[in-house]
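One structure below.
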Amino acid sequence: MSETAVQLTGVTKTYATGTSWLARLTRRRAATLTAVDGVDLELRRGEVLALVGESGSGKSTLAKILVGSTSPTTGTVEPTGRGKAAARRVQMVFQDPYSSLNPRLTVGAVLAELLRLHDVVPRAEVRADCERLVNLVGLEADVLDAYPSQFSGGQRQRLAIARALAVRPDVLVADEPVSALDVSVQATVLDLIARLRAELGLSVLFIAHNLAVVQHLADRVAVMYLGRVVEVAPTAELFASPRHPYTRALIDSIPRMTAGSVNDDFELDGEPPSPYDVPAGCRFHPRCPLATDECRATDPPLLEVGPARESACLHADQLATLPLPEPEHAPEPLEPQR
Ligand SMILES: Nc1ncnc2c1ncn2[C@@H]1O[C@H](COP(=O)(O)OP(=O)(O)O)[C@@H](O)[C@H]1O
Ligand code: SF4
Ligand SMILES: [Mg+2]
């Protein structure tokens, strides 16, 4: 049995909006938005768990709850993120490498300040530890005397990772850390995260809006839709045989080298519904090609659908029998579908 690094249980986060004076002045209706809606999720020790879903599905909110920078409206995070030691245990890397480092401080000053603030190493060893940290993320010691503006996006993201590692966390939450980077640079940052996980035994929650990014990095994938986790599975199994139509749609939307999609039944139309007004029954039903009357009436919970696999689809079994496009997304020509 693998150990648990962090366990989220029944986590919900709602925001009351339209209550400010400005909103009242412009007669906006006060309303409650449910950003995260009853999520149970385990991050296991030493794994890379990917959290994937469209923009607005609640990924960043869940990440903030996990690192303790916002508290859930209901539900629990264990072990609890209170106190200085607990705050150090879980560290976050953000999407935007340009705003995540203080432009007025050298890299060395940023790292040294953290090491001193948290008493990570004896004062005499601070400089050496700064060098160790930048080496760990694949940079030379001379970067310590430079300012953030002197680095490319990819280098800044390495530095943001070094900063997160300064306080010796055992959990790293990376919120779309490669989304703002050039495609050619993305792979190098993904490789770095994979290497750090192996070398340091980190547990990683890796957030992405695109499944392709996590295919070779994650051990498991949790798919989020409108505040809910709708499928969890080991990565290879998820790609080979998704058990939720939304996962299937995300897989089918991965750009292929060959022209034309093999099956556009699952193509996602338009934007997801508003989190102010979540559809009744299965929240995916307005976009789901398999929706039935039962789907419009029943809100399906996340249930086990196989060893280590969970799905919140009433017709998960039916989906298992549908043919998939090339499971490896190889650039060879695809077989025509019958
Ligand atoms: N501080 C906030 N106040 C009000 N609404 C918020 C706040 N933070 C996030 N939301 C809303 O919660 C939903 C989920 O947002 P987020 O967690 O950022 O999703 P994602 O990271 O998947 O794009 C969105 O509809 C977003 O507008
Ligand atoms: S429960 Fe029904 S509407 Fe929801 S994802 Fe499954 S088939 Fe689609
Ligand atoms: Mg986000």
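Residues in the structure tokens are named by chain (A, B, ... in the order shown) and by number from 1 within that chain; ligands are numbered from 1 in the order shown.
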
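Around Val171 (chain A), within 7 Å and counting only C-alpha atoms, the residues found are Arg89, Val90, Gln91, Leu202, Ser203 and Val204 of chain A, once anything fewer than 3 positions away on its own chain is removed.
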
Find the residues near Asp170 (chain A): any atom within 12 Å, counting only C-alpha atoms, skip ones fewer than 2 places away on the same chain, and give them as a count of residues only.
33

Using only C-alpha atoms and all ligand atoms, which residues have at least one atom no more than 8 Å from ligand 3? Output them as a ChimeraX atom specification.
/A:55-56,58-61,175-176,207

If we count only C-alpha atoms and set the cut-off at 12 Å, which residues sit around Asn135 (chain A), ignoring sequence neighbours fewer than 5 positions away in its own chain? Please answer as a list in words.
Ala128, Asp129, Cys130, Glu140, Ala141, Asp142, Val143, Leu144, Arg158, Leu159, Ile161, Ala162, Leu165, Leu192 and Leu196 of chain A

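Shell of region 180-183 of chain A at 9 Å, with only C-alpha atoms counted and residues fewer than 3 places along the chain excluded, is Gln95, Asp96, Pro97, Gly153, Gly154, Gln157, Glu176, Pro177, Gln186 and Ala187 of chain A.
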
Go ahead and dump the residues you just picked, all heavy atoms, as a short mmCIF file (atom, residue, chain, number, x, y, z; two decimals), in the first residue's frame.
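So out_12.cif came out as:
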```
data_model
loop_
_atom_site.label_atom_id
_atom_site.label_comp_id
_atom_site.auth_asym_id
_atom_site.auth_seq_id
_atom_site.Cartn_x
_atom_site.Cartn_y
_atom_site.Cartn_z
N GLN A 95 1.88 29.44 -12.63
CA GLN A 95 1.93 29.44 -14.09
C GLN A 95 2.83 30.52 -14.67
O GLN A 95 3.60 30.27 -15.59
CB GLN A 95 0.51 29.63 -14.63
CG GLN A 95 0.46 29.78 -16.14
CD GLN A 95 -0.96 29.87 -16.67
OE1 GLN A 95 -1.91 29.65 -15.94
NE2 GLN A 95 -1.09 30.19 -17.93
N ASP A 96 2.74 31.72 -14.11
CA ASP A 96 3.39 32.84 -14.75
C ASP A 96 4.82 33.04 -14.24
O ASP A 96 5.02 33.56 -13.15
CB ASP A 96 2.58 34.12 -14.51
CG ASP A 96 3.20 35.31 -15.23
OD1 ASP A 96 4.20 35.11 -15.94
OD2 ASP A 96 2.69 36.43 -15.06
N PRO A 97 5.81 32.66 -15.04
CA PRO A 97 7.18 32.77 -14.56
C PRO A 97 7.65 34.22 -14.47
O PRO A 97 8.66 34.50 -13.86
CB PRO A 97 7.99 31.99 -15.59
CG PRO A 97 7.18 32.00 -16.82
CD PRO A 97 5.74 32.11 -16.40
N GLY A 153 11.76 32.67 -19.98
CA GLY A 153 10.62 32.07 -19.27
C GLY A 153 10.95 30.71 -18.67
O GLY A 153 10.62 30.42 -17.52
N GLY A 154 11.62 29.87 -19.45
CA GLY A 154 11.96 28.54 -18.98
C GLY A 154 12.92 28.58 -17.80
O GLY A 154 12.77 27.84 -16.82
N GLN A 157 11.14 29.68 -14.72
CA GLN A 157 10.34 28.61 -14.11
C GLN A 157 11.25 27.66 -13.34
O GLN A 157 10.88 27.17 -12.27
CB GLN A 157 9.53 27.91 -15.20
CG GLN A 157 8.18 27.37 -14.79
CD GLN A 157 7.27 28.33 -14.04
OE1 GLN A 157 7.67 28.98 -13.06
NE2 GLN A 157 6.04 28.43 -14.45
N GLU A 176 -0.14 24.67 -13.60
CA GLU A 176 0.11 24.97 -15.02
C GLU A 176 1.49 25.59 -15.22
O GLU A 176 1.61 26.65 -15.86
CB GLU A 176 -0.98 25.91 -15.57
CG GLU A 176 -2.38 25.35 -15.32
CD GLU A 176 -3.36 25.69 -16.42
OE1 GLU A 176 -2.93 25.89 -17.56
OE2 GLU A 176 -4.57 25.72 -16.12
N PRO A 177 2.55 24.94 -14.73
CA PRO A 177 3.88 25.56 -14.76
C PRO A 177 4.47 25.68 -16.15
O PRO A 177 5.43 26.43 -16.32
CB PRO A 177 4.73 24.60 -13.90
CG PRO A 177 4.07 23.28 -14.07
CD PRO A 177 2.59 23.58 -14.15
N GLN A 186 8.76 23.62 -22.90
CA GLN A 186 7.88 22.88 -21.99
C GLN A 186 8.48 21.54 -21.58
O GLN A 186 8.52 21.18 -20.41
CB GLN A 186 6.52 22.63 -22.64
CG GLN A 186 5.69 23.89 -22.76
CD GLN A 186 4.29 23.60 -23.27
OE1 GLN A 186 3.91 22.46 -23.49
NE2 GLN A 186 3.51 24.66 -23.45
N ALA A 187 8.99 20.80 -22.59
CA ALA A 187 9.50 19.45 -22.32
C ALA A 187 10.67 19.48 -21.34
O ALA A 187 10.81 18.57 -20.51
CB ALA A 187 9.92 18.78 -23.62
#
```

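Remark: for Val36 (chain A), the closest of the candidate residues A:Val48, A:Val232, A:Leu314, A:Ile65 is A:Ile65 (distances computed over only C-alpha atoms).
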
So that I can check the surroundings of region 269-275 of chain A, please list as a PyMOL selection string every protein, DNA and RNA residue that reaches within 8 Å of it, counting only C-alpha atoms and ignoring chain neighbours fewer than 2 positions away.
chain A and resi 33-35+226-227+267+277-279+287

Write out, as a compact mmCIF listing (two decimals), in the first residue's frame, the residues just selected, with all heavy atoms.
```txt
# COMPACT_ATOMS: atom_id res chain seq x y z
N LEU A 33 -21.03 31.23 -6.21
CA LEU A 33 -20.35 30.45 -7.23
C LEU A 33 -19.67 29.27 -6.54
O LEU A 33 -18.98 29.45 -5.54
CB LEU A 33 -19.32 31.35 -7.92
CG LEU A 33 -18.43 30.75 -9.00
CD1 LEU A 33 -18.05 31.86 -9.99
CD2 LEU A 33 -17.17 30.14 -8.43
N THR A 34 -19.90 28.07 -7.06
CA THR A 34 -19.25 26.90 -6.48
C THR A 34 -18.05 26.54 -7.34
O THR A 34 -18.20 26.02 -8.45
CB THR A 34 -20.24 25.72 -6.39
OG1 THR A 34 -21.39 26.17 -5.65
CG2 THR A 34 -19.62 24.54 -5.66
N ALA A 35 -16.86 26.84 -6.82
CA ALA A 35 -15.63 26.61 -7.60
C ALA A 35 -15.16 25.17 -7.47
O ALA A 35 -14.65 24.58 -8.42
CB ALA A 35 -14.53 27.56 -7.14
N LEU A 226 -16.21 21.31 -13.96
CA LEU A 226 -17.13 22.16 -13.18
C LEU A 226 -17.07 21.88 -11.68
O LEU A 226 -18.11 21.66 -11.05
CB LEU A 226 -18.57 21.96 -13.67
CG LEU A 226 -19.10 22.91 -14.73
CD1 LEU A 226 -20.57 22.59 -15.00
CD2 LEU A 226 -18.99 24.37 -14.30
N GLY A 227 -15.89 21.88 -11.12
CA GLY A 227 -15.73 21.76 -9.67
C GLY A 227 -15.69 20.35 -9.12
O GLY A 227 -15.47 20.15 -7.93
N GLU A 267 -16.34 15.53 -29.56
CA GLU A 267 -15.82 16.88 -29.62
C GLU A 267 -16.56 17.80 -28.66
O GLU A 267 -17.79 17.75 -28.57
CB GLU A 267 -15.98 17.41 -31.05
CG GLU A 267 -14.98 18.46 -31.40
CD GLU A 267 -15.05 18.79 -32.89
OE1 GLU A 267 -15.07 17.84 -33.70
OE2 GLU A 267 -15.10 19.97 -33.20
N ASP A 277 -24.53 28.26 -12.19
CA ASP A 277 -25.76 27.58 -12.54
C ASP A 277 -25.41 26.20 -13.11
O ASP A 277 -25.48 25.96 -14.31
CB ASP A 277 -26.49 28.44 -13.60
CG ASP A 277 -27.91 27.98 -13.81
OD1 ASP A 277 -28.40 27.19 -13.00
OD2 ASP A 277 -28.51 28.41 -14.82
N VAL A 278 -25.02 25.32 -12.21
CA VAL A 278 -24.56 24.00 -12.61
C VAL A 278 -25.77 23.17 -13.07
O VAL A 278 -26.80 23.16 -12.39
CB VAL A 278 -23.83 23.32 -11.43
CG1 VAL A 278 -23.49 21.87 -11.76
CG2 VAL A 278 -22.56 24.10 -11.09
N PRO A 279 -25.67 22.52 -14.24
CA PRO A 279 -26.82 21.74 -14.73
C PRO A 279 -27.26 20.68 -13.72
O PRO A 279 -26.43 20.10 -13.02
CB PRO A 279 -26.26 21.07 -15.99
CG PRO A 279 -25.10 21.91 -16.40
CD PRO A 279 -24.53 22.48 -15.15
N ARG A 287 -23.31 18.60 -22.68
CA ARG A 287 -22.26 18.46 -23.69
C ARG A 287 -21.96 16.99 -24.00
O ARG A 287 -21.00 16.70 -24.71
CB ARG A 287 -20.98 19.14 -23.21
CG ARG A 287 -21.14 20.63 -22.96
CD ARG A 287 -19.92 21.17 -22.23
NE ARG A 287 -18.90 21.69 -23.11
CZ ARG A 287 -17.67 22.02 -22.70
NH1 ARG A 287 -17.31 21.83 -21.44
NH2 ARG A 287 -16.79 22.51 -23.53
```

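Restricting the calculation to only C-alpha atoms, the smallest distance between Leu217 (chain A) and any of A:Gly18, A:Pro234, A:Pro300, A:Pro169 is found for A:Pro234.
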
Please produce, as CSV, a per-residue contact table for chain A versus ligand 2 (criterion: any atom at most 12 Å away, only C-alpha atoms and all ligand atoms considered), showing the nearest atom pair and its distance in Å to one decimal, sorted by chain then residue number.
```
residue,atom,partner,partner_atom_place_in_ligand_line,distance
A:Tyr225,CA,ligand 2,5 (S),10.2
A:Val229,CA,ligand 2,5 (S),11.9
A:Val230,CA,ligand 2,5 (S),8.4
A:Glu231,CA,ligand 2,5 (S),10.1
A:Pro242,CA,ligand 2,5 (S),11.4
A:Arg243,CA,ligand 2,6 (Fe),8.7
A:His244,CA,ligand 2,5 (S),5.8
A:Pro245,CA,ligand 2,5 (S),5.3
A:Tyr246,CA,ligand 2,5 (S),6.7
A:Thr247,CA,ligand 2,5 (S),9.3
A:Arg248,CA,ligand 2,5 (S),10.0
A:Ala249,CA,ligand 2,5 (S),10.7
A:Phe266,CA,ligand 2,8 (Fe),10.4
A:Pro279,CA,ligand 2,3 (S),10.4
A:Ala280,CA,ligand 2,3 (S),10.4
A:Gly281,CA,ligand 2,4 (Fe),7.9
A:Cys282,CA,ligand 2,4 (Fe),4.5
A:Arg283,CA,ligand 2,4 (Fe),6.6
A:Phe284,CA,ligand 2,4 (Fe),5.1
A:His285,CA,ligand 2,3 (S),3.6
A:Pro286,CA,ligand 2,3 (S),7.3
A:Arg287,CA,ligand 2,3 (S),7.7
A:Cys288,CA,ligand 2,8 (Fe),4.7
A:Pro289,CA,ligand 2,8 (Fe),6.7
A:Leu290,CA,ligand 2,7 (S),4.5
A:Ala291,CA,ligand 2,3 (S),4.0
A:Thr292,CA,ligand 2,2 (Fe),6.0
A:Asp293,CA,ligand 2,2 (Fe),8.4
A:Glu294,CA,ligand 2,2 (Fe),7.2
A:Cys295,CA,ligand 2,2 (Fe),4.2
A:Arg296,CA,ligand 2,3 (S),6.9
A:Ala297,CA,ligand 2,2 (Fe),9.5
A:Thr298,CA,ligand 2,1 (S),7.7
A:Asp299,CA,ligand 2,1 (S),7.5
A:Pro300,CA,ligand 2,1 (S),6.2
A:Pro301,CA,ligand 2,1 (S),9.4
A:Leu302,CA,ligand 2,1 (S),10.5
A:Leu303,CA,ligand 2,1 (S),11.7
A:Ser311,CA,ligand 2,6 (Fe),8.8
A:Ala312,CA,ligand 2,1 (S),6.8
A:Cys313,CA,ligand 2,6 (Fe),3.6
A:Leu314,CA,ligand 2,1 (S),4.1
A:His315,CA,ligand 2,7 (S),4.9
A:Ala316,CA,ligand 2,6 (Fe),6.5
A:Asp317,CA,ligand 2,6 (Fe),9.7
A:Gln318,CA,ligand 2,7 (S),8.6
A:Leu319,CA,ligand 2,7 (S),8.3
A:Ala320,CA,ligand 2,7 (S),11.8
```

Quick one: write out the picked residues with C-alpha atoms as a CSV table (one decimal), in the first residue's frame?
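Printed below is part-v2.csv as written:
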```csv
chain,number,residue,atom,x,y,z
A,225,TYR,CA,-15.2,19.2,-14.6
A,229,VAL,CA,-13.4,15.2,-10.1
A,230,VAL,CA,-15.1,13.1,-12.7
A,231,GLU,CA,-12.5,10.5,-13.4
A,242,PRO,CA,-11.2,6.5,-20.5
A,243,ARG,CA,-14.3,5.9,-18.5
A,244,HIS,CA,-15.9,9.3,-18.6
A,245,PRO,CA,-17.0,11.0,-21.9
A,246,TYR,CA,-15.3,14.2,-20.8
A,247,THR,CA,-12.0,12.5,-20.5
A,248,ARG,CA,-12.6,10.9,-23.8
A,249,ALA,CA,-13.3,14.4,-25.3
A,266,PHE,CA,-16.9,13.5,-28.4
A,279,PRO,CA,-26.8,21.7,-14.7
A,280,ALA,CA,-29.1,19.4,-12.8
A,281,GLY,CA,-28.4,15.7,-12.9
A,282,CYS,CA,-25.0,14.9,-14.4
A,283,ARG,CA,-23.3,18.3,-14.8
A,284,PHE,CA,-21.7,17.1,-18.1
A,285,HIS,CA,-25.0,16.2,-19.7
A,286,PRO,CA,-25.5,19.3,-21.9
A,287,ARG,CA,-22.3,18.5,-23.7
A,288,CYS,CA,-22.4,14.7,-23.5
A,289,PRO,CA,-23.0,12.5,-26.6
A,290,LEU,CA,-24.1,9.6,-24.4
A,291,ALA,CA,-26.6,11.5,-22.3
A,292,THR,CA,-29.9,9.8,-21.5
A,293,ASP,CA,-32.9,10.8,-19.5
A,294,GLU,CA,-31.4,9.1,-16.4
A,295,CYS,CA,-28.3,11.4,-16.8
A,296,ARG,CA,-30.5,14.5,-16.7
A,297,ALA,CA,-32.1,13.3,-13.5
A,298,THR,CA,-29.3,11.7,-11.5
A,299,ASP,CA,-26.1,13.4,-10.3
A,300,PRO,CA,-23.6,10.6,-10.4
A,301,PRO,CA,-21.0,10.3,-7.6
A,302,LEU,CA,-17.4,9.3,-8.3
A,303,LEU,CA,-17.4,5.5,-8.0
A,311,SER,CA,-15.6,7.5,-12.7
A,312,ALA,CA,-18.6,9.7,-12.2
A,313,CYS,CA,-20.4,8.5,-15.3
A,314,LEU,CA,-23.6,6.5,-15.2
A,315,HIS,CA,-22.6,4.8,-18.4
A,316,ALA,CA,-18.9,4.2,-17.7
A,317,ASP,CA,-19.2,0.6,-18.7
A,318,GLN,CA,-20.7,1.5,-22.1
A,319,LEU,CA,-17.7,3.8,-22.7
A,320,ALA,CA,-15.3,1.0,-22.0
```

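If you measure from each of A:Gln7, A:Ser2, A:Val39, A:Arg220 to Ala236 (chain A) using only C-alpha atoms, the closest one turns out to be A:Arg220.
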